[in-house]
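Undergrad: After the structure tokens below, expect a handful of questions from me.
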Amino acid sequence: MREYRVKPVAALARGLQVLGVLREMRAASLHDLHLATGIPKPTLTRILYTAYQQGLVWQRMVDGAFLPSHTQQRRVELDDGAWLAEIASPVLEELSRRVQWPSVFSVPRLDYMETLETNSSRTYFDGLPPRPHGFRVNMLGSASGRAYLAFCPEQEREAVLARLRHKALPAHRLVVDDAAVERMLAETRRRGYSVRAPDFGGDHDRPRSEVDDGRESIAMPVRLDGRVAGCINLTWLRPAMPVRTAVERHLGDLRTAVATVEERARAAGFGAAG
């Protein structure tokens, strides 16, 4: 660039510095960015909020981390979990205004579901500790895992079940009963939503008889391009209401949230070059 006899814009330079550091770190707390840049936290907050208004960054609810926005990318992919979490995050926040019980957005991995976002911090009921970012969710016992298995392509499902058969974990014992698995999948497809296994207590490895988080959950799949990109659940304290009551009161809200994520993902250009 040619030389100009002008002074650089210091505020812009600081903002670009923060965005550059955030791209390198991929996800960072306000304190992380303060340590990396030396910029005071009040100034950082203004920079990040301005960047958020311009669609350049977003903030996860699950842990408060700031991330570069994926909405500016020329191409988005189904397996980009962070991009999907960015799409789902404001939808979960809106869901928390209608349903005071928390929800989680999770995505399938090789043989488990991974928590990427939750609106727990926005819900009224605080008796349920939030699942941390990256929490591993049991595939066969959880509502989210069952929703994924019931609606994902057959070849993909068989690969997951084959992996689980090689894991000698009490919480995966259902996988050796092919007939029981098929009944569970058929019932989930018939209902259009999934529920937890009766012996699932929230732990990835151990059954409810050993670990019980006191929750119940229902879940529905987020489907894009013929695949299950992720799942959104609704979870509540078991003594508060039976599953039937939760379905009657809140299934419509959960279905709307799922449909909204699917619609916004397609509008954002899922799978298409810009």
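Convention: chains lettered A, B, ... in structure tokens order; per-chain residue numbering from 1; ligands numbered from 1 as shown.
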Got a sec: who's within 7 Å of A:Ala229, counting only C-alpha atoms, leaving out chain neighbours fewer than 5 positions off, as a ChimeraX atom specification?
TA: /A:78,107,222-224
Undergrad: Would you save the residues from that selection as a compact mmCIF listing (two decimals), in the first residue's frame, using C-alpha atoms?
TA:
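Writing the result to again06.txt gives the following:
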# COMPACT_ATOMS: atom_id res chain seq x y z
CA LEU A 78 -22.30 -30.38 8.25
CA VAL A 107 -23.63 -33.47 17.97
CA VAL A 222 -31.75 -31.62 13.66
CA ARG A 223 -31.73 -33.02 10.11
CA LEU A 224 -29.83 -31.46 7.22
Undergrad: Near stretch 23-34 of chain A, counting only C-alpha atoms, which residues have an atom at most 10 Å away, once you skip same-chain residues fewer than 2 positions from it, shown as an MDAnalysis selection string?
TA: chainID A and resid 17:21 36:45 48 57:60 63:69 82
Undergrad: Emit the selected residues as an mmCIF file, in the first residue's frame, including N, CA and C atoms.
TA:
data_model
loop_
_atom_site.group_PDB
_atom_site.id
_atom_site.type_symbol
_atom_site.label_atom_id
_atom_site.label_comp_id
_atom_site.auth_asym_id
_atom_site.auth_seq_id
_atom_site.Cartn_x
_atom_site.Cartn_y
_atom_site.Cartn_z
ATOM 1 N N GLN A 17 -6.755 -6.457 16.354
ATOM 2 C CA GLN A 17 -5.847 -7.272 17.155
ATOM 3 C C GLN A 17 -6.626 -8.345 17.916
ATOM 4 N N VAL A 18 -7.728 -7.942 18.522
ATOM 5 C CA VAL A 18 -8.548 -8.883 19.289
ATOM 6 C C VAL A 18 -9.096 -9.971 18.370
ATOM 7 N N LEU A 19 -9.590 -9.608 17.207
ATOM 8 C CA LEU A 19 -10.132 -10.597 16.271
ATOM 9 C C LEU A 19 -9.051 -11.570 15.802
ATOM 10 N N GLY A 20 -7.841 -11.036 15.589
ATOM 11 C CA GLY A 20 -6.737 -11.906 15.181
ATOM 12 C C GLY A 20 -6.376 -12.906 16.260
ATOM 13 N N VAL A 21 -6.304 -12.440 17.497
ATOM 14 C CA VAL A 21 -5.993 -13.338 18.617
ATOM 15 C C VAL A 21 -7.095 -14.376 18.781
ATOM 16 N N ALA A 36 -3.861 -12.188 26.738
ATOM 17 C CA ALA A 36 -3.182 -12.302 25.444
ATOM 18 C C ALA A 36 -2.910 -10.943 24.806
ATOM 19 N N THR A 37 -3.755 -9.954 25.074
ATOM 20 C CA THR A 37 -3.627 -8.662 24.401
ATOM 21 C C THR A 37 -3.169 -7.526 25.299
ATOM 22 N N GLY A 38 -3.385 -7.679 26.602
ATOM 23 C CA GLY A 38 -3.079 -6.588 27.523
ATOM 24 C C GLY A 38 -4.110 -5.485 27.507
ATOM 25 N N ILE A 39 -5.175 -5.649 26.762
ATOM 26 C CA ILE A 39 -6.231 -4.636 26.684
ATOM 27 C C ILE A 39 -7.126 -4.755 27.919
ATOM 28 N N PRO A 40 -7.466 -3.627 28.566
ATOM 29 C CA PRO A 40 -8.340 -3.691 29.748
ATOM 30 C C PRO A 40 -9.677 -4.363 29.426
ATOM 31 N N LYS A 41 -10.220 -5.052 30.410
ATOM 32 C CA LYS A 41 -11.452 -5.809 30.183
ATOM 33 C C LYS A 41 -12.633 -4.933 29.766
ATOM 34 N N PRO A 42 -12.823 -3.724 30.339
ATOM 35 C CA PRO A 42 -13.939 -2.892 29.857
ATOM 36 C C PRO A 42 -13.810 -2.550 28.369
ATOM 37 N N THR A 43 -12.578 -2.272 27.929
ATOM 38 C CA THR A 43 -12.357 -1.983 26.508
ATOM 39 C C THR A 43 -12.600 -3.230 25.665
ATOM 40 N N LEU A 44 -12.122 -4.369 26.147
ATOM 41 C CA LEU A 44 -12.361 -5.622 25.438
ATOM 42 C C LEU A 44 -13.852 -5.904 25.290
ATOM 43 N N THR A 45 -14.597 -5.641 26.345
ATOM 44 C CA THR A 45 -16.038 -5.881 26.308
ATOM 45 C C THR A 45 -16.689 -5.036 25.220
ATOM 46 N N LEU A 48 -15.688 -6.500 21.780
ATOM 47 C CA LEU A 48 -16.375 -7.759 21.491
ATOM 48 C C LEU A 48 -17.853 -7.529 21.204
ATOM 49 N N VAL A 57 -18.265 -12.073 15.819
ATOM 50 C CA VAL A 57 -18.014 -12.997 16.924
ATOM 51 C C VAL A 57 -19.358 -13.396 17.527
ATOM 52 N N TRP A 58 -19.339 -14.474 18.287
ATOM 53 C CA TRP A 58 -20.508 -14.860 19.063
ATOM 54 C C TRP A 58 -20.040 -15.418 20.393
ATOM 55 N N GLN A 59 -20.943 -15.548 21.351
ATOM 56 C CA GLN A 59 -20.593 -16.017 22.692
ATOM 57 C C GLN A 59 -21.431 -17.227 23.054
ATOM 58 N N ARG A 60 -20.749 -18.322 23.426
ATOM 59 C CA ARG A 60 -21.454 -19.535 23.849
ATOM 60 C C ARG A 60 -22.101 -19.319 25.202
ATOM 61 N N ASP A 63 -20.372 -21.877 28.351
ATOM 62 C CA ASP A 63 -19.214 -21.522 29.170
ATOM 63 C C ASP A 63 -18.823 -20.053 29.062
ATOM 64 N N GLY A 64 -19.587 -19.273 28.301
ATOM 65 C CA GLY A 64 -19.288 -17.850 28.174
ATOM 66 C C GLY A 64 -18.144 -17.515 27.246
ATOM 67 N N ALA A 65 -17.593 -18.496 26.549
ATOM 68 C CA ALA A 65 -16.447 -18.254 25.675
ATOM 69 C C ALA A 65 -16.871 -17.464 24.438
ATOM 70 N N PHE A 66 -15.945 -16.651 23.938
ATOM 71 C CA PHE A 66 -16.139 -15.932 22.686
ATOM 72 C C PHE A 66 -15.485 -16.728 21.552
ATOM 73 N N LEU A 67 -16.147 -16.734 20.388
ATOM 74 C CA LEU A 67 -15.636 -17.469 19.227
ATOM 75 C C LEU A 67 -15.796 -16.620 17.974
ATOM 76 N N PRO A 68 -14.910 -16.806 16.990
ATOM 77 C CA PRO A 68 -15.121 -16.146 15.700
ATOM 78 C C PRO A 68 -16.398 -16.675 15.058
ATOM 79 N N SER A 69 -17.158 -15.790 14.441
ATOM 80 C CA SER A 69 -18.394 -16.221 13.804
ATOM 81 C C SER A 69 -18.099 -17.028 12.550
ATOM 82 N N ALA A 82 -18.937 -26.288 15.549
ATOM 83 C CA ALA A 82 -18.976 -24.928 16.071
ATOM 84 C C ALA A 82 -19.939 -24.066 15.268
#
Undergrad: Using atom CA of A:Gly230 and atom CA of A:Gly192 as the two end points, give the distance in Å to one decimal.
TA: 14.9 Å
Undergrad: Would you mind writing down, as a ChimeraX atom specification, each residue of stretch 9-253 of chain A that DSSP on the backbone assigns to helix (DSSP H, G or I)?
TA: /A:10-25,30-37,41-53,81-98,120-122,143-151,154-165,170-176,178-191,238-240,243-253
Undergrad: The selected residues should be written to file as an mmCIF file, in the first residue's frame (atoms: C-alpha atoms).
TA:
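Listed below is the output, out-v3.cif:
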data_model
loop_
_atom_site.group_PDB
_atom_site.id
_atom_site.type_symbol
_atom_site.label_atom_id
_atom_site.label_comp_id
_atom_site.auth_asym_id
_atom_site.auth_seq_id
_atom_site.Cartn_x
_atom_site.Cartn_y
_atom_site.Cartn_z
ATOM 1 C CA ALA A 10 -6.159 3.180 17.215
ATOM 2 C CA ALA A 11 -9.556 1.767 18.188
ATOM 3 C CA LEU A 12 -9.793 -0.139 14.911
ATOM 4 C CA ALA A 13 -6.276 -1.472 15.380
ATOM 5 C CA ARG A 14 -7.187 -2.796 18.831
ATOM 6 C CA GLY A 15 -10.332 -4.380 17.463
ATOM 7 C CA LEU A 16 -8.455 -6.116 14.661
ATOM 8 C CA GLN A 17 -5.847 -7.272 17.155
ATOM 9 C CA VAL A 18 -8.548 -8.883 19.289
ATOM 10 C CA LEU A 19 -10.132 -10.597 16.271
ATOM 11 C CA GLY A 20 -6.737 -11.906 15.181
ATOM 12 C CA VAL A 21 -5.993 -13.338 18.617
ATOM 13 C CA LEU A 22 -9.461 -14.863 18.806
ATOM 14 C CA ARG A 23 -8.983 -16.587 15.438
ATOM 15 C CA GLU A 24 -5.744 -18.107 16.701
ATOM 16 C CA MET A 25 -7.241 -19.246 20.016
ATOM 17 C CA LEU A 30 -12.660 -12.388 28.414
ATOM 18 C CA HIS A 31 -9.792 -13.068 30.829
ATOM 19 C CA ASP A 32 -7.949 -15.122 28.199
ATOM 20 C CA LEU A 33 -8.155 -12.230 25.758
ATOM 21 C CA HIS A 34 -7.056 -9.758 28.428
ATOM 22 C CA LEU A 35 -3.960 -11.835 29.147
ATOM 23 C CA ALA A 36 -3.182 -12.302 25.444
ATOM 24 C CA THR A 37 -3.627 -8.662 24.401
ATOM 25 C CA LYS A 41 -11.452 -5.809 30.183
ATOM 26 C CA PRO A 42 -13.939 -2.892 29.857
ATOM 27 C CA THR A 43 -12.357 -1.983 26.508
ATOM 28 C CA LEU A 44 -12.361 -5.622 25.438
ATOM 29 C CA THR A 45 -16.038 -5.881 26.308
ATOM 30 C CA ARG A 46 -16.847 -2.905 24.066
ATOM 31 C CA ILE A 47 -14.757 -4.339 21.235
ATOM 32 C CA LEU A 48 -16.375 -7.759 21.491
ATOM 33 C CA TYR A 49 -19.877 -6.350 21.704
ATOM 34 C CA THR A 50 -19.260 -4.193 18.630
ATOM 35 C CA ALA A 51 -17.856 -7.220 16.780
ATOM 36 C CA TYR A 52 -20.888 -9.236 17.839
ATOM 37 C CA GLN A 53 -23.229 -6.560 16.458
ATOM 38 C CA GLY A 81 -19.919 -28.469 15.048
ATOM 39 C CA ALA A 82 -18.976 -24.928 16.071
ATOM 40 C CA TRP A 83 -20.897 -23.507 13.127
ATOM 41 C CA LEU A 84 -23.968 -25.532 14.056
ATOM 42 C CA ALA A 85 -23.667 -24.484 17.703
ATOM 43 C CA GLU A 86 -23.540 -20.840 16.600
ATOM 44 C CA ILE A 87 -26.772 -21.346 14.653
ATOM 45 C CA ALA A 88 -28.416 -23.184 17.568
ATOM 46 C CA SER A 89 -27.318 -20.864 20.380
ATOM 47 C CA PRO A 90 -29.839 -18.014 19.899
ATOM 48 C CA VAL A 91 -32.569 -20.572 19.235
ATOM 49 C CA LEU A 92 -31.859 -22.236 22.579
ATOM 50 C CA GLU A 93 -31.881 -18.829 24.248
ATOM 51 C CA GLU A 94 -35.312 -18.114 22.796
ATOM 52 C CA LEU A 95 -36.479 -21.589 23.854
ATOM 53 C CA SER A 96 -35.431 -20.818 27.445
ATOM 54 C CA ARG A 97 -37.841 -17.857 27.455
ATOM 55 C CA ARG A 98 -40.752 -20.165 26.661
ATOM 56 C CA SER A 120 -28.903 -23.752 31.391
ATOM 57 C CA SER A 121 -27.566 -20.354 32.461
ATOM 58 C CA ARG A 122 -30.727 -18.709 31.102
ATOM 59 C CA ALA A 143 -32.525 -39.121 24.680
ATOM 60 C CA SER A 144 -30.174 -37.237 22.355
ATOM 61 C CA GLY A 145 -28.234 -40.353 21.395
ATOM 62 C CA ARG A 146 -31.425 -42.290 20.734
ATOM 63 C CA ALA A 147 -32.814 -39.479 18.582
ATOM 64 C CA TYR A 148 -29.630 -39.515 16.521
ATOM 65 C CA LEU A 149 -29.592 -43.299 16.109
ATOM 66 C CA ALA A 150 -33.268 -43.477 15.148
ATOM 67 C CA PHE A 151 -33.055 -40.907 12.361
ATOM 68 C CA GLU A 154 -28.712 -46.892 8.244
ATOM 69 C CA GLN A 155 -25.065 -47.372 7.282
ATOM 70 C CA GLU A 156 -23.997 -44.647 9.704
ATOM 71 C CA ARG A 157 -26.070 -46.167 12.504
ATOM 72 C CA GLU A 158 -24.660 -49.647 11.952
ATOM 73 C CA ALA A 159 -21.123 -48.270 12.157
ATOM 74 C CA VAL A 160 -21.898 -46.634 15.520
ATOM 75 C CA LEU A 161 -23.499 -49.797 16.909
ATOM 76 C CA ALA A 162 -20.521 -51.870 15.743
ATOM 77 C CA ARG A 163 -18.176 -49.596 17.687
ATOM 78 C CA LEU A 164 -20.339 -49.840 20.793
ATOM 79 C CA ARG A 165 -20.353 -53.647 20.631
ATOM 80 C CA PRO A 170 -22.435 -51.586 31.561
ATOM 81 C CA ALA A 171 -24.163 -48.535 30.070
ATOM 82 C CA HIS A 172 -23.838 -50.029 26.567
ATOM 83 C CA ARG A 173 -25.227 -53.478 27.344
ATOM 84 C CA LEU A 174 -28.376 -52.845 25.272
ATOM 85 C CA VAL A 175 -26.282 -53.005 22.107
ATOM 86 C CA VAL A 176 -25.947 -56.793 22.301
ATOM 87 C CA ASP A 178 -30.495 -56.527 18.457
ATOM 88 C CA ALA A 179 -34.250 -56.979 18.868
ATOM 89 C CA ALA A 180 -34.409 -54.504 21.761
ATOM 90 C CA VAL A 181 -32.414 -51.947 19.800
ATOM 91 C CA GLU A 182 -34.745 -52.301 16.812
ATOM 92 C CA ARG A 183 -37.814 -51.878 19.041
ATOM 93 C CA MET A 184 -36.337 -48.726 20.559
ATOM 94 C CA LEU A 185 -35.519 -47.264 17.150
ATOM 95 C CA ALA A 186 -38.952 -48.076 15.716
ATOM 96 C CA GLU A 187 -40.760 -46.578 18.713
ATOM 97 C CA THR A 188 -38.658 -43.415 18.539
ATOM 98 C CA ARG A 189 -39.425 -42.986 14.843
ATOM 99 C CA ARG A 190 -43.131 -43.568 15.460
ATOM 100 C CA ARG A 191 -43.274 -40.883 18.162
ATOM 101 C CA ARG A 238 -37.655 -36.322 37.416
ATOM 102 C CA PRO A 239 -39.922 -35.561 40.434
ATOM 103 C CA ALA A 240 -41.216 -32.385 38.765
ATOM 104 C CA VAL A 243 -42.450 -37.651 30.630
ATOM 105 C CA ARG A 244 -46.035 -37.624 29.356
ATOM 106 C CA THR A 245 -46.696 -34.241 30.976
ATOM 107 C CA ALA A 246 -43.464 -32.786 29.597
ATOM 108 C CA VAL A 247 -44.439 -33.946 26.105
ATOM 109 C CA GLU A 248 -47.922 -32.440 26.406
ATOM 110 C CA ARG A 249 -46.571 -29.100 27.641
ATOM 111 C CA HIS A 250 -43.330 -28.636 25.759
ATOM 112 C CA LEU A 251 -42.952 -30.911 22.722
ATOM 113 C CA GLY A 252 -44.358 -28.206 20.461
ATOM 114 C CA ASP A 253 -41.743 -25.726 21.676
#
Undergrad: Could you tell me how far atom CA of A:Ile218 sits from atom CA of A:Asn233, in Å to one decimal place?
TA: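 Here the two named atoms are 5.5 Å from each other.
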